[in-house]
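*Asks:* The structure's right below; bear with me while I get my questions together.
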Amino acid sequence: MPLNRRTFLGTSAAAGAGVAIAGGSAAPAAAHGHGHGHGRPSKRYSFTVMGTTDLHGNVFNWDYFTDKEFDDKAHNDVGLAKISTLVDQVRREKGRRNTLLIDAGDTIQGTQLSYYYAKVDPITARRGPVHPMAQAMNAIGYDAAALGNHEFNYGIPVLRKFEEQCDFPLLGANALDAKSLRPAFAPYVIKRMRTPHGRDVKVAILGLTNPGIAIWDKANVGGKMVFPGLEEQAAKFVPRLRSMGADVVIVSAHSGSSGTSSYGDQLPYVENAAGLVAEQVPGIDAILVGHAHQEIPEYFVENKQTGKKVVLSEPLKWGQRLTLFDFDLVWEKGRWVVEKAGSRVLNSNTVEEDPKITGLLADEHEKVVAYVNQVIGTSTAAMTTAEAAWKDEPIIDLINVVQAETVKAALAGGEYAALPVLSQASCFSRTAQIPAGDVTIKDAAGLYPFENTLEARLLTGAQLRDYLEFSARYYVQTPAGVPVDTAKLTNADNTPDYNYDAVSGLTYEIDIAKPNGSRIVNLAFEGKPVDPAAQFVLAVNNYRASGGGNFPHVAGAKQLWANSEEIRNTIIAWVQAKGSVDGSQFASVDWRLTREGTPVF
């Protein structure tokens, strides 16, 4: 499929998205200040760059999986409608012409709203709809957005259509055409800020995305695009932007700041490289950080070459925060120089939703609410994930039975049909539930909030033991006899819930009193100890199979089968076909936490 590269790739500038004037008619934010003892006032100017990241399809303060207003323990709110109110407040305070608004990626995946317009009523259809995220971001007035890895989940055609629908550029200096190795999207955009001094400030925004796309979305990008490291591409583009006269360089990076990678050494490029970019590439003033879903109001990294401090900020996720980068500039030796830069975040739970945005997308919202409330079957009993992070619960068994049955059917009659099929699943959400009685699309989809697809990989008994030992790192080591507090038992070393896998089809114990690497006890298949040389088929999601979470063996294991259907749709179809979910037909306790042979629960 041709990549439909934009005409800018043929221009001599190797392409930014062009130069634009930051519009508006508000009063200037800064007046003349006093000079440095030269007897004349120096020219000064201040402006603010607002930033969001990891919006993940959130427009409304709404949880489509629970069908009610979003809420969490910290009482965060979500959505672009809230962000719009904050943005309007900042623009009123600073003056519209003295502000910019950018995003750091992961925009079009994550809610049933974004899913609906990618799959159910797709934006790619002839005379199809405009994506709600494009409508909202256009109405709010974004100036640029970096590409996130989840932008590629629905395939390049959906992403290209979304790009076409946006009134602002999608930036990705390290998203390259696989053949030409030239940027497949605009690498940067340069905005001009009008000052009261007759000298515009040129602000360059460089977009960088995540190298992990090459692994996580291999099926969509393989042979079409490649994704080199953030540091390498920033080192190429920042000097170019400075030579083009950029007074201020801001990087919008869909990459965390920790310097770590979830995919181990499968790629030579760092996943969470924002801090490394600040440290290694001179000439950057600020970095809007994304991808890691962390809240970083203000964080300074010293550039090794220049000693200059670069300010980083990450506004959490889903529109829960808005970053403000404040820049104070002074005119020195014929150019604008950043005298001071800092950042902070605003909490979107302090404001009401902007009726301009909720009104604009009310019809789309109502369509999706009706869609997720469609009844697809019934359940004989209520099931919940509330304790699934530390107990083998029937609701996770439901995921595993669907996956195992799907893989068995796919392999039937083939070379591997006689091998036992195991399945892995994670507790993706601790609030998912299947109610007794009617089961709706939102109930089933809530079990699997990610757009993962299903694969079958060939593993040995020894490899499975390694896999389970790696997974068991999720638990905090807790000696026998010490009280177990479930609030402190999980997520050791910040391991997220989605990187703890329970495997069905085997039986085993996890001894949490033991150190990492020696926790799996009594590993058995059909009542007998697992033969290290025995072969098994593992039904596994594509994220894990492609190296996500850096679990051992699976990424290099032989792929026996894969499909492009999302696992949650497979679950929905399974429930529809059965008509009834009966946990007594599939639930079993395959694993449990123990200490010195005594069950913890």
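The way I read the labels, and the way they are meant: chains A, B, ... in the order of the structure tokens, residue 1 as the first residue of every chain, and ligand 1 as the first ligand shown, with later ones counted on from there.
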Would you please give, as a list in words, all residues of stretch 205-296 of chain A that DSSP assigns to strand (DSSP E or B) based on the backbone?

*Replies:* Ile205, Leu206, Gly207, Leu208, Met225, Val226, Val248, Val249, Ile250, Val251, Ser252, Ala253, Ala286, Ile287, Leu288, Val289, Glu295 and Ile296 of chain A

*Asks:* Output the selection as a compact mmCIF listing (two decimals), in the first residue's frame - all heavy atoms for each residue.

*Replies:*
```
# COMPACT_ATOMS: atom_id res chain seq x y z
N ILE A 205 8.51 23.39 16.70
CA ILE A 205 8.00 22.22 17.44
C ILE A 205 8.41 20.98 16.66
O ILE A 205 7.99 20.78 15.51
CB ILE A 205 6.47 22.28 17.58
CG1 ILE A 205 6.05 23.57 18.30
CG2 ILE A 205 5.96 21.05 18.34
CD1 ILE A 205 4.63 23.99 18.03
N LEU A 206 9.26 20.17 17.26
CA LEU A 206 9.75 18.94 16.64
C LEU A 206 8.99 17.77 17.25
O LEU A 206 8.94 17.63 18.47
CB LEU A 206 11.25 18.79 16.89
CG LEU A 206 11.91 17.50 16.38
CD1 LEU A 206 11.92 17.47 14.85
CD2 LEU A 206 13.34 17.38 16.93
N GLY A 207 8.40 16.91 16.42
CA GLY A 207 7.66 15.76 16.91
C GLY A 207 8.47 14.49 16.81
O GLY A 207 9.07 14.20 15.77
N LEU A 208 8.48 13.72 17.88
CA LEU A 208 9.17 12.42 17.91
C LEU A 208 8.22 11.36 18.46
O LEU A 208 7.52 11.60 19.44
CB LEU A 208 10.43 12.50 18.79
CG LEU A 208 11.53 13.45 18.30
CD1 LEU A 208 12.58 13.64 19.39
CD2 LEU A 208 12.17 12.95 17.02
N MET A 225 7.07 1.36 7.19
CA MET A 225 7.72 2.43 7.94
C MET A 225 8.76 1.85 8.90
O MET A 225 8.63 0.71 9.34
CB MET A 225 6.70 3.24 8.75
CG MET A 225 5.74 4.05 7.93
SD MET A 225 4.71 5.11 9.00
CE MET A 225 3.46 5.63 7.81
N VAL A 226 9.76 2.66 9.19
CA VAL A 226 10.76 2.31 10.21
C VAL A 226 10.85 3.46 11.20
O VAL A 226 10.51 4.60 10.88
CB VAL A 226 12.14 2.01 9.59
CG1 VAL A 226 12.09 0.75 8.74
CG2 VAL A 226 12.65 3.19 8.78
N VAL A 248 13.22 29.43 19.62
CA VAL A 248 12.85 28.50 20.68
C VAL A 248 12.59 27.15 20.02
O VAL A 248 11.90 27.08 18.99
CB VAL A 248 11.60 28.96 21.44
CG1 VAL A 248 11.24 27.98 22.55
CG2 VAL A 248 11.80 30.37 22.00
N VAL A 249 13.14 26.08 20.60
CA VAL A 249 12.90 24.73 20.08
C VAL A 249 12.22 23.90 21.17
O VAL A 249 12.77 23.72 22.26
CB VAL A 249 14.19 24.05 19.62
CG1 VAL A 249 13.93 22.58 19.24
CG2 VAL A 249 14.80 24.80 18.44
N ILE A 250 11.03 23.42 20.85
CA ILE A 250 10.27 22.57 21.76
C ILE A 250 10.12 21.21 21.10
O ILE A 250 9.80 21.11 19.91
CB ILE A 250 8.89 23.18 22.04
CG1 ILE A 250 9.04 24.56 22.71
CG2 ILE A 250 8.05 22.26 22.92
CD1 ILE A 250 7.79 25.39 22.68
N VAL A 251 10.36 20.16 21.86
CA VAL A 251 10.17 18.80 21.37
C VAL A 251 8.90 18.23 21.98
O VAL A 251 8.70 18.32 23.20
CB VAL A 251 11.38 17.90 21.71
CG1 VAL A 251 11.09 16.45 21.31
CG2 VAL A 251 12.64 18.39 21.00
N SER A 252 8.04 17.69 21.13
CA SER A 252 6.87 16.94 21.61
C SER A 252 7.20 15.47 21.38
O SER A 252 7.26 15.01 20.23
CB SER A 252 5.62 17.35 20.84
OG SER A 252 4.49 16.68 21.36
N ALA A 253 7.43 14.75 22.47
CA ALA A 253 7.99 13.39 22.37
C ALA A 253 7.05 12.36 22.97
O ALA A 253 6.76 12.41 24.16
CB ALA A 253 9.34 13.33 23.08
N ALA A 286 12.63 22.93 25.68
CA ALA A 286 11.62 22.25 26.49
C ALA A 286 11.18 20.97 25.79
O ALA A 286 11.21 20.89 24.55
CB ALA A 286 10.42 23.15 26.75
N ILE A 287 10.75 20.00 26.57
CA ILE A 287 10.21 18.75 26.00
C ILE A 287 8.88 18.43 26.67
O ILE A 287 8.79 18.31 27.90
CB ILE A 287 11.18 17.56 26.18
CG1 ILE A 287 12.52 17.85 25.51
CG2 ILE A 287 10.57 16.28 25.60
CD1 ILE A 287 13.54 16.72 25.63
N LEU A 288 7.84 18.30 25.84
CA LEU A 288 6.56 17.78 26.30
C LEU A 288 6.66 16.26 26.22
O LEU A 288 6.86 15.69 25.15
CB LEU A 288 5.41 18.29 25.43
CG LEU A 288 4.02 17.75 25.77
CD1 LEU A 288 3.58 18.21 27.16
CD2 LEU A 288 3.00 18.17 24.71
N VAL A 289 6.55 15.61 27.37
CA VAL A 289 6.77 14.16 27.49
C VAL A 289 5.43 13.44 27.42
O VAL A 289 4.43 13.91 27.97
CB VAL A 289 7.49 13.84 28.81
CG1 VAL A 289 7.70 12.34 28.99
CG2 VAL A 289 8.83 14.58 28.89
N GLU A 295 2.66 11.86 35.88
CA GLU A 295 2.49 13.29 36.09
C GLU A 295 3.83 13.90 36.48
O GLU A 295 4.37 13.61 37.54
CB GLU A 295 1.45 13.58 37.17
CG GLU A 295 1.25 15.08 37.40
CD GLU A 295 0.12 15.40 38.36
OE1 GLU A 295 -0.64 14.48 38.72
OE2 GLU A 295 0.00 16.58 38.75
N ILE A 296 4.36 14.74 35.60
CA ILE A 296 5.62 15.44 35.86
C ILE A 296 5.37 16.93 35.63
O ILE A 296 5.40 17.41 34.50
CB ILE A 296 6.76 14.96 34.93
CG1 ILE A 296 6.94 13.44 35.05
CG2 ILE A 296 8.06 15.69 35.26
CD1 ILE A 296 7.96 12.87 34.06
```

*Asks:* Write out as JSON, numbers by chain each polymer residue whose atoms come within 9 Å of A:Asp438, counting only C-alpha atoms; drop sequence neighbours fewer than 2 positions from it.

*Replies:* {"A": [375, 376, 377, 378, 379, 434, 435, 436, 440]}

*Asks:* Generate a file of the selected residues that holds N, CA and C atoms, formatted as a PDB file, in the first residue's frame.

*Replies:*
```pdb
ATOM      1  N   VAL A 375     -27.301  -5.564  24.396  1.00  0.00           N
ATOM      2  CA  VAL A 375     -27.222  -6.837  25.116  1.00  0.00           C
ATOM      3  C   VAL A 375     -26.780  -7.938  24.155  1.00  0.00           C
ATOM      4  N   ILE A 376     -25.758  -8.706  24.561  1.00  0.00           N
ATOM      5  CA  ILE A 376     -25.236  -9.771  23.695  1.00  0.00           C
ATOM      6  C   ILE A 376     -25.432 -11.157  24.303  1.00  0.00           C
ATOM      7  N   GLY A 377     -25.908 -11.236  25.544  1.00  0.00           N
ATOM      8  CA  GLY A 377     -26.107 -12.532  26.183  1.00  0.00           C
ATOM      9  C   GLY A 377     -26.457 -12.348  27.642  1.00  0.00           C
ATOM     10  N   THR A 378     -26.408 -13.446  28.379  1.00  0.00           N
ATOM     11  CA  THR A 378     -26.688 -13.391  29.816  1.00  0.00           C
ATOM     12  C   THR A 378     -25.580 -14.114  30.569  1.00  0.00           C
ATOM     13  N   SER A 379     -25.515 -13.863  31.876  1.00  0.00           N
ATOM     14  CA  SER A 379     -24.550 -14.548  32.730  1.00  0.00           C
ATOM     15  C   SER A 379     -25.278 -15.148  33.923  1.00  0.00           C
ATOM     16  N   ILE A 434     -18.618  -8.690  34.921  1.00  0.00           N
ATOM     17  CA  ILE A 434     -19.715  -9.283  34.162  1.00  0.00           C
ATOM     18  C   ILE A 434     -20.866  -9.449  35.155  1.00  0.00           C
ATOM     19  N   PRO A 435     -21.983  -8.768  34.953  1.00  0.00           N
ATOM     20  CA  PRO A 435     -23.070  -8.848  35.936  1.00  0.00           C
ATOM     21  C   PRO A 435     -23.864 -10.142  35.783  1.00  0.00           C
ATOM     22  N   ALA A 436     -24.571 -10.502  36.797  1.00  0.00           N
ATOM     23  CA  ALA A 436     -25.567 -11.572  36.666  1.00  0.00           C
ATOM     24  C   ALA A 436     -26.710 -11.019  35.828  1.00  0.00           C
ATOM     25  N   THR A 440     -23.762  -6.883  28.298  1.00  0.00           N
ATOM     26  CA  THR A 440     -23.722  -5.947  27.170  1.00  0.00           C
ATOM     27  C   THR A 440     -22.331  -5.916  26.545  1.00  0.00           C
TER      28      THR A 440
END
```

*Asks:* Write down as a PyMOL selection string the residues belonging to stretch 276-437 of chain A that are assigned alpha helix (DSSP H) by DSSP computed on the backbone.

*Replies:* chain A and resi 276-280+355-360+362-372+394-411

*Asks:* Which residue out of A:Ala412, A:Ile520, A:Val484, A:Val503 has the minimum interatomic distance to A:Trp561 when only C-alpha atoms are used?

*Replies:* A:Ala412

*Asks:* Let me make sure I understand: among A:Pro129, A:Gly481, A:Gly583, A:Pro355, which one has the smallest atom-to-atom distance to A:Ile399 if we use only C-alpha atoms?

*Replies:*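 Residue with the minimum atom-to-atom distance to A:Ile399: A:Gly583.
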
*Asks:* Which residues are near stretch 531-537 of chain A? Cut-off 8 Å, only C-alpha atoms, ignore same chain within fewer than 6 positions. Put them as a PyMOL selection string.

*Replies:* chain A and resi 419-422+456-463

*Asks:* What would the file look like if the residues just selected were written as a CSV table (one decimal), in the first residue's frame with N, CA and C atoms?

*Replies:*
```csv
chain,number,residue,atom,x,y,z
A,419,LEU,N,-1.2,-30.7,20.0
A,419,LEU,CA,-0.5,-30.1,21.2
A,419,LEU,C,-1.5,-29.5,22.1
A,420,PRO,N,-1.1,-29.5,23.4
A,420,PRO,CA,-2.0,-28.8,24.4
A,420,PRO,C,-1.9,-27.3,24.2
A,421,VAL,N,-3.1,-26.6,24.3
A,421,VAL,CA,-3.2,-25.2,24.1
A,421,VAL,C,-3.3,-24.5,25.5
A,422,LEU,N,-2.4,-23.6,25.8
A,422,LEU,CA,-2.4,-22.8,27.1
A,422,LEU,C,-2.8,-21.4,26.7
A,456,ALA,N,-0.8,-17.5,18.2
A,456,ALA,CA,-0.4,-18.8,18.8
A,456,ALA,C,1.1,-19.0,18.6
A,457,ARG,N,1.8,-19.2,19.7
A,457,ARG,CA,3.3,-19.4,19.7
A,457,ARG,C,3.6,-20.7,20.3
A,458,LEU,N,4.7,-21.3,19.8
A,458,LEU,CA,5.2,-22.6,20.2
A,458,LEU,C,6.2,-22.5,21.3
A,459,LEU,N,6.0,-23.0,22.5
A,459,LEU,CA,6.9,-22.9,23.6
A,459,LEU,C,7.2,-24.3,24.3
A,460,THR,N,8.3,-24.4,24.9
A,460,THR,CA,8.6,-25.6,25.6
A,460,THR,C,8.2,-25.5,27.1
A,461,GLY,N,8.2,-26.6,27.8
A,461,GLY,CA,7.9,-26.5,29.2
A,461,GLY,C,8.9,-25.7,30.0
A,462,ALA,N,10.2,-25.8,29.6
A,462,ALA,CA,11.3,-25.0,30.3
A,462,ALA,C,11.0,-23.5,30.0
A,463,GLN,N,10.7,-23.2,28.8
A,463,GLN,CA,10.4,-21.8,28.4
A,463,GLN,C,9.2,-21.2,29.2
```

*Asks:* What lies within 12 Å of A:Lys304 using only C-alpha atoms, ignoring chain neighbours under 4 positions off, as a count of residues only?

*Replies:* 12

*Asks:* So which residues touch A:Asn569 within 10 Å, counting only C-alpha atoms, skipping near sequence neighbours fewer than 4 positions away, as a list of chain:residue names?

*Replies:*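 In the requested format, the answer is A:Ile441, A:Ala444, A:Ala445, A:Tyr448, A:Glu451, A:Asn452, A:Thr453, A:Glu565, A:Ala573, A:Trp574, A:Val575.
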
*Asks:* Those residues with N, CA, C and O atoms, as a PDB file, in the first residue's frame please?

*Replies:*
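Final output, result_34.pdb:
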```
ATOM      1  N   ILE A 441     -22.249  -5.213  25.415  1.00  0.00           N
ATOM      2  CA  ILE A 441     -20.953  -5.027  24.758  1.00  0.00           C
ATOM      3  C   ILE A 441     -19.971  -4.366  25.712  1.00  0.00           C
ATOM      4  O   ILE A 441     -18.804  -4.763  25.795  1.00  0.00           O
ATOM      5  N   ALA A 444     -18.419  -6.891  28.191  1.00  0.00           N
ATOM      6  CA  ALA A 444     -17.417  -7.773  27.588  1.00  0.00           C
ATOM      7  C   ALA A 444     -16.178  -6.993  27.166  1.00  0.00           C
ATOM      8  O   ALA A 444     -15.047  -7.427  27.394  1.00  0.00           O
ATOM      9  N   ALA A 445     -16.380  -5.819  26.568  1.00  0.00           N
ATOM     10  CA  ALA A 445     -15.242  -5.012  26.113  1.00  0.00           C
ATOM     11  C   ALA A 445     -14.424  -4.487  27.288  1.00  0.00           C
ATOM     12  O   ALA A 445     -13.208  -4.309  27.177  1.00  0.00           O
ATOM     13  N   TYR A 448     -11.300  -6.209  28.258  1.00  0.00           N
ATOM     14  CA  TYR A 448     -10.139  -6.093  27.379  1.00  0.00           C
ATOM     15  C   TYR A 448     -10.104  -4.698  26.764  1.00  0.00           C
ATOM     16  O   TYR A 448     -10.492  -4.498  25.619  1.00  0.00           O
ATOM     17  N   GLU A 451      -6.680  -2.840  22.157  1.00  0.00           N
ATOM     18  CA  GLU A 451      -7.018  -3.376  20.838  1.00  0.00           C
ATOM     19  C   GLU A 451      -6.084  -4.522  20.442  1.00  0.00           C
ATOM     20  O   GLU A 451      -5.711  -4.666  19.291  1.00  0.00           O
ATOM     21  N   ASN A 452      -5.696  -5.361  21.396  1.00  0.00           N
ATOM     22  CA  ASN A 452      -4.794  -6.473  21.084  1.00  0.00           C
ATOM     23  C   ASN A 452      -5.479  -7.514  20.219  1.00  0.00           C
ATOM     24  O   ASN A 452      -6.686  -7.737  20.315  1.00  0.00           O
ATOM     25  N   THR A 453      -4.669  -8.189  19.399  1.00  0.00           N
ATOM     26  CA  THR A 453      -5.138  -9.321  18.609  1.00  0.00           C
ATOM     27  C   THR A 453      -4.480 -10.592  19.140  1.00  0.00           C
ATOM     28  O   THR A 453      -3.595 -10.535  19.999  1.00  0.00           O
ATOM     29  N   GLU A 565      -8.324  -9.968  14.203  1.00  0.00           N
ATOM     30  CA  GLU A 565      -9.518  -9.643  14.992  1.00  0.00           C
ATOM     31  C   GLU A 565      -9.120  -9.302  16.420  1.00  0.00           C
ATOM     32  O   GLU A 565      -8.338 -10.003  17.046  1.00  0.00           O
ATOM     33  N   ALA A 573     -18.115 -11.907  20.429  1.00  0.00           N
ATOM     34  CA  ALA A 573     -18.708 -12.898  19.515  1.00  0.00           C
ATOM     35  C   ALA A 573     -18.941 -14.243  20.220  1.00  0.00           C
ATOM     36  O   ALA A 573     -19.942 -14.926  19.967  1.00  0.00           O
ATOM     37  N   TRP A 574     -18.032 -14.617  21.107  1.00  0.00           N
ATOM     38  CA  TRP A 574     -18.157 -15.869  21.858  1.00  0.00           C
ATOM     39  C   TRP A 574     -19.396 -15.832  22.749  1.00  0.00           C
ATOM     40  O   TRP A 574     -20.171 -16.791  22.794  1.00  0.00           O
ATOM     41  N   VAL A 575     -19.571 -14.706  23.455  1.00  0.00           N
ATOM     42  CA  VAL A 575     -20.742 -14.561  24.329  1.00  0.00           C
ATOM     43  C   VAL A 575     -22.027 -14.596  23.492  1.00  0.00           C
ATOM     44  O   VAL A 575     -23.005 -15.258  23.860  1.00  0.00           O
TER      45      VAL A 575
END
```

*Asks:* What gap, in Å, lies between atom CA of A:Glu393 and atom CA of A:Trp591?

*Replies:*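 Atom CA of A:Trp591 lies 9.8 Å from atom CA of A:Glu393.
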
*Asks:* Show me, as a PyMOL selection string, the residues that have an atom within 10 Å of A:Gly259 when counting only C-alpha atoms, minus same-chain residues fewer than 2 positions from it.

*Replies:* chain A and resi 255-257+261+270-277

*Asks:* So that I have them on file, write out the residues from the current selection with all heavy atoms, as a PDB file, in the first residue's frame.

*Replies:*
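New file part.pdb:
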```pdb
ATOM      1  N   SER A 255       7.356   9.616  24.376  1.00  0.00           N
ATOM      2  CA  SER A 255       8.410   8.797  24.971  1.00  0.00           C
ATOM      3  C   SER A 255       8.590   9.258  26.402  1.00  0.00           C
ATOM      4  O   SER A 255       8.687  10.459  26.660  1.00  0.00           O
ATOM      5  CB  SER A 255       9.712   9.000  24.174  1.00  0.00           C
ATOM      6  OG  SER A 255      10.767   8.232  24.691  1.00  0.00           O
ATOM      7  N   GLY A 256       8.619   8.318  27.331  1.00  0.00           N
ATOM      8  CA  GLY A 256       8.786   8.677  28.736  1.00  0.00           C
ATOM      9  C   GLY A 256      10.182   9.187  29.036  1.00  0.00           C
ATOM     10  O   GLY A 256      11.064   9.231  28.173  1.00  0.00           O
ATOM     11  N   SER A 257      10.409   9.548  30.282  1.00  0.00           N
ATOM     12  CA  SER A 257      11.680  10.188  30.659  1.00  0.00           C
ATOM     13  C   SER A 257      12.639   9.262  31.392  1.00  0.00           C
ATOM     14  O   SER A 257      13.741   9.670  31.750  1.00  0.00           O
ATOM     15  CB  SER A 257      11.394  11.414  31.540  1.00  0.00           C
ATOM     16  OG  SER A 257      10.741  11.013  32.734  1.00  0.00           O
ATOM     17  N   SER A 261      13.334   0.599  28.640  1.00  0.00           N
ATOM     18  CA  SER A 261      12.589   0.031  27.514  1.00  0.00           C
ATOM     19  C   SER A 261      11.883  -1.238  27.968  1.00  0.00           C
ATOM     20  O   SER A 261      12.499  -2.078  28.623  1.00  0.00           O
ATOM     21  CB  SER A 261      13.525  -0.296  26.349  1.00  0.00           C
ATOM     22  OG  SER A 261      14.161   0.870  25.856  1.00  0.00           O
ATOM     23  N   VAL A 270      15.945   3.322  22.511  1.00  0.00           N
ATOM     24  CA  VAL A 270      15.330   3.403  23.837  1.00  0.00           C
ATOM     25  C   VAL A 270      13.866   3.824  23.714  1.00  0.00           C
ATOM     26  O   VAL A 270      13.521   4.734  22.971  1.00  0.00           O
ATOM     27  CB  VAL A 270      16.111   4.402  24.723  1.00  0.00           C
ATOM     28  CG1 VAL A 270      15.426   4.579  26.075  1.00  0.00           C
ATOM     29  CG2 VAL A 270      17.546   3.926  24.906  1.00  0.00           C
ATOM     30  N   GLU A 271      13.008   3.145  24.475  1.00  0.00           N
ATOM     31  CA  GLU A 271      11.570   3.447  24.464  1.00  0.00           C
ATOM     32  C   GLU A 271      11.271   4.773  25.160  1.00  0.00           C
ATOM     33  O   GLU A 271      10.587   5.631  24.623  1.00  0.00           O
ATOM     34  CB  GLU A 271      10.813   2.311  25.156  1.00  0.00           C
ATOM     35  CG  GLU A 271       9.319   2.559  25.287  1.00  0.00           C
ATOM     36  CD  GLU A 271       8.606   1.432  26.025  1.00  0.00           C
ATOM     37  OE1 GLU A 271       9.233   0.380  26.291  1.00  0.00           O
ATOM     38  OE2 GLU A 271       7.415   1.603  26.330  1.00  0.00           O
ATOM     39  N   ASN A 272      11.771   4.934  26.378  1.00  0.00           N
ATOM     40  CA  ASN A 272      11.493   6.134  27.187  1.00  0.00           C
ATOM     41  C   ASN A 272      12.717   7.043  27.187  1.00  0.00           C
ATOM     42  O   ASN A 272      13.501   7.053  28.123  1.00  0.00           O
ATOM     43  CB  ASN A 272      11.084   5.725  28.602  1.00  0.00           C
ATOM     44  CG  ASN A 272       9.781   4.950  28.599  1.00  0.00           C
ATOM     45  OD1 ASN A 272       8.763   5.459  28.149  1.00  0.00           O
ATOM     46  ND2 ASN A 272       9.803   3.711  29.068  1.00  0.00           N
ATOM     47  N   ALA A 273      12.852   7.800  26.092  1.00  0.00           N
ATOM     48  CA  ALA A 273      14.115   8.479  25.806  1.00  0.00           C
ATOM     49  C   ALA A 273      14.066   9.995  25.947  1.00  0.00           C
ATOM     50  O   ALA A 273      15.040  10.672  25.611  1.00  0.00           O
ATOM     51  CB  ALA A 273      14.567   8.120  24.381  1.00  0.00           C
ATOM     52  N   ALA A 274      12.977  10.558  26.457  1.00  0.00           N
ATOM     53  CA  ALA A 274      12.846  12.019  26.489  1.00  0.00           C
ATOM     54  C   ALA A 274      13.974  12.678  27.293  1.00  0.00           C
ATOM     55  O   ALA A 274      14.539  13.698  26.885  1.00  0.00           O
ATOM     56  CB  ALA A 274      11.486  12.419  27.056  1.00  0.00           C
ATOM     57  N   GLY A 275      14.310  12.082  28.439  1.00  0.00           N
ATOM     58  CA  GLY A 275      15.408  12.630  29.245  1.00  0.00           C
ATOM     59  C   GLY A 275      16.739  12.540  28.525  1.00  0.00           C
ATOM     60  O   GLY A 275      17.575  13.448  28.625  1.00  0.00           O
ATOM     61  N   LEU A 276      16.963  11.459  27.791  1.00  0.00           N
ATOM     62  CA  LEU A 276      18.204  11.290  27.030  1.00  0.00           C
ATOM     63  C   LEU A 276      18.312  12.318  25.918  1.00  0.00           C
ATOM     64  O   LEU A 276      19.400  12.815  25.618  1.00  0.00           O
ATOM     65  CB  LEU A 276      18.283   9.873  26.449  1.00  0.00           C
ATOM     66  CG  LEU A 276      18.331   8.735  27.460  1.00  0.00           C
ATOM     67  CD1 LEU A 276      18.224   7.385  26.761  1.00  0.00           C
ATOM     68  CD2 LEU A 276      19.611   8.804  28.288  1.00  0.00           C
ATOM     69  N   VAL A 277      17.180  12.633  25.279  1.00  0.00           N
ATOM     70  CA  VAL A 277      17.175  13.658  24.234  1.00  0.00           C
ATOM     71  C   VAL A 277      17.613  14.998  24.826  1.00  0.00           C
ATOM     72  O   VAL A 277      18.459  15.703  24.262  1.00  0.00           O
ATOM     73  CB  VAL A 277      15.776  13.775  23.597  1.00  0.00           C
ATOM     74  CG1 VAL A 277      15.701  14.988  22.664  1.00  0.00           C
ATOM     75  CG2 VAL A 277      15.431  12.499  22.824  1.00  0.00           C
TER      76      VAL A 277
END
```

*Asks:* Write out as a count of residues only which residues come within 6 Å of A:Thr99 when counting only C-alpha atoms, dropping same-chain ones fewer than 5 positions away.

*Replies:* 3

*Asks:* Nearest residue to A:Gly264 out of A:Leu312, A:Ile108, A:Ile215, A:Ala557, using only C-alpha atoms?

*Replies:* A:Ile215

*Asks:* Give me, please, the distance in Å between atom CA of A:Asp493 and atom CA of A:Tyr467, quoted to one decimal.

*Replies:*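 That distance, rounded to one decimal, is 17.5 Å.
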
*Asks:* Just to confirm, what's the straight-line distance from atom CA of A:Ala492 to atom CA of A:Val600 in Å (one decimal)?

*Replies:*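 A separation of 17.3 Å between them.
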
*Asks:* Of the candidates A:Asp63, A:Glu509, A:Asp328, A:Glu69, which shows the shortest atom-to-atom distance to A:Val368, using only C-alpha atoms?

*Replies:*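 That would be A:Asp63, the residue with the smallest distance to A:Val368.
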